[in-house]
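I have placed the structure first, in the form of structure tokens, so that the comments after it can refer back to it.
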Amino acid sequence: MKIAVFSTKPYDREFLELANQSFGHELVFLEPRLTSQTASLADGFPAVCVFVNDELDARVLLHLHRNGTKLIALRCAGYNNVDLQVAEQLGFVVTRVPAYSPQAVAEHTLALILALARRLHKAYNRVREGNFALDGLLGVDLAGKTAGVIGTGKIGRLVAKRLMAFECRILAFDIRPDEQLQAEGVEYVGYEELFRKSDIITLHCPLMPATYHLINEESLALMKRGIILVNTSRGALVDSQAVIRALKSGRIGALGLDVYEEEADLFFEDLSNQVIQDDVFMRMLTFPNVIVTGHQAFFTRNAMEAIAKKTLENVTAFERGEEPPGLLHYREAFAS
Ligand code: NAD
């Protein structure tokens, strides 16, 4: 099948071309992000393959529909960038890769927590300059701390297990508690208790209207002073302006972000020679207790291989008239 692959980076091409040796689709690699300005690049393609910051809003979906596209193959797990209501009305088949390597994201989350707890980002630069002083590098033990995990699905449950191995007490919130985790010692509590009692809070729930700006002025006010907050899920779970105020007041002791609500204009691009116009983002980077990575939690060799293979499996199943393994069921998506 002929597939227009949007937001292509050299690594996407490498892994998709390799996986495609077993599938034989016609992949056309396009560098631009899918937006209403670039949608015409997909004219005549029965399938588009898209990533996290491609915009599949009503306007783009209508354009794709009118020009022959039937399949939207997301090469990611999250689908908050697709207007599902419109996609359903227009009869699109939407597929995704629900699980490729939850370990990759869980391990990156732990990397952020550990780096923040031991100030590795400061130590790295300091030692390279011949400064071996320890002032300002005082860390905290994870052992004995209470960690709040919001969303205990495929990624959150692995983060909870890993934090338990570090001897943390785990409080969790999920609209569907996991009985097995509960049996292993995870304590499910309400949002408020989790916010009040946690020393570390890590976000692993999907972005949807109910979770938009879950971390805001009010929830931050409930948290312990000096909280370590980590978000590797989706940027808009966090109100960035409120977080900046909490960093200034010391309410947030350390912040680790792999995602940012306005990341679409920044992440995945080399902007090192440009003046970045996003003042909120740039303010965030000035804090000594903040680590930002540019949506790289998924980015491991294992994960990229699995993403490429599963994305193309979805396309092949669609082409054969079978149900793709990663088919997004609209009813379930609306219900979650
Ligand atoms: P999942 O669907 O397996 O788990 C999500 C969990 O959140 C489920 O258990 C669900 O019941 C729960 N949930 C739903 N609504 C909730 C609410 N209001 N409050 C609390 N919990 C709620 O998803 P996953 O594979 O674990 O992925 C989690 C998120 O991680 C995804 O939504 C995606 O946006 C993000 N992600 C980020 C990266 C990255 O590279 N940074 C990579 C993959 C996924």
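We name chains A, B, ... following the order of the structure tokens; residues begin at 1 in each chain, and ligands are numbered from 1 as shown.
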message: For Glu192 of chain A, find every residue with an atom within 9 Å (counting only C-alpha atoms), except residues of its own chain fewer than 2 positions away, and show them as a ChimeraX atom specification.
response: /A:189-190,194-197,219,222-223
message: Which residues are near ligand 1 in this structure, taking near to mean any atom at most 6 Å from a ligand atom and counting only C-alpha atoms and all ligand atoms? Format them as a ChimeraX atom specification.
response: /A:77-78,99,105,150-156,173-176,204-206,210-211,232-234,258,295-298,336
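Scanning segment 211-303 of chain A with DSSP on the backbone, the strand (DSSP E or B) assignments fall on Ile215, Ile227, Ile228, Leu229, Val230, Asn231, Val238, Ile252, Gly253, Ala254, Leu255, Gly256, Leu257, Val290, Ile291 and Val292 of chain A.
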Would you kindly return, as a CSV table (one decimal) with N, CA, C and O atoms, in the first residue's frame, each protein, DNA or RNA residue with an atom no farther than 12 Å from any atom of Leu110 of chain A, considering only C-alpha atoms and excluding same-chain residues fewer than 4 positions away?
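Written out: around.csv:
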```
chain,number,residue,atom,x,y,z
A,103,GLN,N,8.7,-0.3,28.7
A,103,GLN,CA,9.9,-0.3,29.5
A,103,GLN,C,10.7,1.0,29.1
A,103,GLN,O,11.3,1.6,30.0
A,104,ALA,N,10.8,1.3,27.8
A,104,ALA,CA,11.6,2.4,27.4
A,104,ALA,C,11.1,3.7,28.1
A,104,ALA,O,12.0,4.5,28.6
A,105,VAL,N,9.8,3.9,28.2
A,105,VAL,CA,9.3,5.2,28.8
A,105,VAL,C,9.5,5.1,30.3
A,105,VAL,O,9.8,6.1,31.0
A,106,ALA,N,9.2,3.9,30.9
A,106,ALA,CA,9.4,3.7,32.3
A,106,ALA,C,10.8,4.0,32.7
A,106,ALA,O,11.1,4.7,33.7
A,114,LEU,N,16.0,9.9,39.1
A,114,LEU,CA,17.3,9.7,39.7
A,114,LEU,C,18.2,10.9,39.4
A,114,LEU,O,18.9,11.3,40.3
A,115,ALA,N,18.2,11.4,38.2
A,115,ALA,CA,19.0,12.5,37.9
A,115,ALA,C,18.7,13.7,38.7
A,115,ALA,O,19.5,14.5,39.2
A,116,LEU,N,17.4,14.0,38.9
A,116,LEU,CA,16.9,15.1,39.7
A,116,LEU,C,17.3,14.9,41.2
A,116,LEU,O,17.7,15.8,41.8
A,117,ALA,N,17.0,13.7,41.7
A,117,ALA,CA,17.3,13.4,43.1
A,117,ALA,C,18.8,13.6,43.4
A,117,ALA,O,19.1,13.9,44.5
A,142,LEU,N,15.9,7.9,47.5
A,142,LEU,CA,14.6,7.5,47.1
A,142,LEU,C,14.0,6.5,48.2
A,142,LEU,O,12.8,6.5,48.4
A,147,ALA,N,6.0,7.8,46.6
A,147,ALA,CA,5.9,8.2,45.2
A,147,ALA,C,4.4,8.1,44.8
A,147,ALA,O,3.8,7.1,45.0
A,155,ILE,N,2.6,1.8,31.1
A,155,ILE,CA,3.9,2.5,31.6
A,155,ILE,C,3.9,2.7,33.1
A,155,ILE,O,4.8,2.4,33.8
A,156,GLY,N,2.8,3.3,33.6
A,156,GLY,CA,2.7,3.6,35.0
A,156,GLY,C,2.9,2.4,35.9
A,156,GLY,O,3.6,2.6,36.9
A,158,LEU,N,4.8,-0.1,35.3
A,158,LEU,CA,6.3,-0.5,35.4
A,158,LEU,C,7.0,0.6,36.2
A,158,LEU,O,8.0,0.2,36.9
A,159,VAL,N,6.6,1.8,36.1
A,159,VAL,CA,7.3,2.8,36.9
A,159,VAL,C,7.0,2.5,38.4
A,159,VAL,O,8.0,2.6,39.2
A,160,ALA,N,5.8,2.1,38.7
A,160,ALA,CA,5.5,1.8,40.1
A,160,ALA,C,6.3,0.7,40.6
A,160,ALA,O,6.9,0.7,41.7
A,161,LYS,N,6.5,-0.4,39.8
A,161,LYS,CA,7.3,-1.5,40.2
A,161,LYS,C,8.7,-1.1,40.4
A,161,LYS,O,9.4,-1.6,41.3
A,162,ARG,N,9.3,-0.3,39.5
A,162,ARG,CA,10.7,0.1,39.6
A,162,ARG,C,10.9,0.9,40.8
A,162,ARG,O,11.9,0.8,41.5
A,163,LEU,N,9.9,1.8,41.1
A,163,LEU,CA,10.1,2.7,42.3
A,163,LEU,C,10.0,1.8,43.6
A,163,LEU,O,10.6,2.1,44.6
A,164,MET,N,9.2,0.7,43.5
A,164,MET,CA,9.1,-0.2,44.7
A,164,MET,C,10.4,-0.8,44.9
A,164,MET,O,10.9,-1.0,46.1
A,165,ALA,N,11.1,-1.1,43.8
A,165,ALA,CA,12.5,-1.7,44.0
A,165,ALA,C,13.4,-0.8,44.6
A,165,ALA,O,14.4,-1.2,45.2
A,166,PHE,N,13.2,0.5,44.5
A,166,PHE,CA,14.0,1.5,45.2
A,166,PHE,C,13.5,1.8,46.6
A,166,PHE,O,13.9,2.8,47.2
A,200,ILE,N,7.3,12.4,45.5
A,200,ILE,CA,7.6,12.4,44.1
A,200,ILE,C,6.2,12.1,43.4
A,200,ILE,O,5.4,11.3,43.9
A,201,ILE,N,5.9,12.9,42.3
A,201,ILE,CA,4.7,12.6,41.6
A,201,ILE,C,5.1,12.4,40.1
A,201,ILE,O,5.8,13.2,39.5
A,202,THR,N,4.6,11.3,39.5
A,202,THR,CA,4.9,11.0,38.1
A,202,THR,C,3.6,10.7,37.3
A,202,THR,O,2.8,10.0,37.8
A,228,ILE,N,9.1,16.4,43.9
A,228,ILE,CA,9.8,16.1,42.7
A,228,ILE,C,8.7,15.7,41.7
A,228,ILE,O,7.9,14.8,41.9
A,229,LEU,N,8.5,16.5,40.6
A,229,LEU,CA,7.4,16.3,39.7
A,229,LEU,C,8.0,15.9,38.3
A,229,LEU,O,8.9,16.5,37.8
A,230,VAL,N,7.4,14.8,37.8
A,230,VAL,CA,7.9,14.3,36.5
A,230,VAL,C,6.8,14.0,35.6
A,230,VAL,O,5.8,13.4,35.9
A,231,ASN,N,6.9,14.5,34.3
A,231,ASN,CA,5.9,14.2,33.3
A,231,ASN,C,6.5,13.7,32.0
A,231,ASN,O,7.2,14.4,31.3
A,232,THR,N,6.3,12.4,31.8
A,232,THR,CA,6.7,11.8,30.5
A,232,THR,C,5.5,11.4,29.7
A,232,THR,O,5.6,10.6,28.8
A,256,GLY,N,11.0,17.3,36.2
A,256,GLY,CA,11.6,16.6,35.0
A,256,GLY,C,10.5,16.5,34.0
A,256,GLY,O,9.4,15.9,34.2
A,257,LEU,N,10.8,17.0,32.8
A,257,LEU,CA,9.7,17.0,31.7
A,257,LEU,C,10.3,16.3,30.5
A,257,LEU,O,11.4,16.7,30.0
A,258,ASP,N,9.6,15.4,29.9
A,258,ASP,CA,9.9,14.9,28.6
A,258,ASP,C,8.9,15.4,27.5
A,258,ASP,O,9.1,15.2,26.3
A,297,ALA,N,11.5,9.9,25.6
A,297,ALA,CA,11.4,8.7,26.4
A,297,ALA,C,11.2,7.4,25.7
A,297,ALA,O,11.6,6.3,26.1
```
field: Near-segment 69-73 of chain A list (9 Å; only C-alpha atoms; drop same-chain fewer than 4 positions) as a ChimeraX atom specification
entry: /A:42-51,61,63-65,91-97,311-312,314-315,318,326
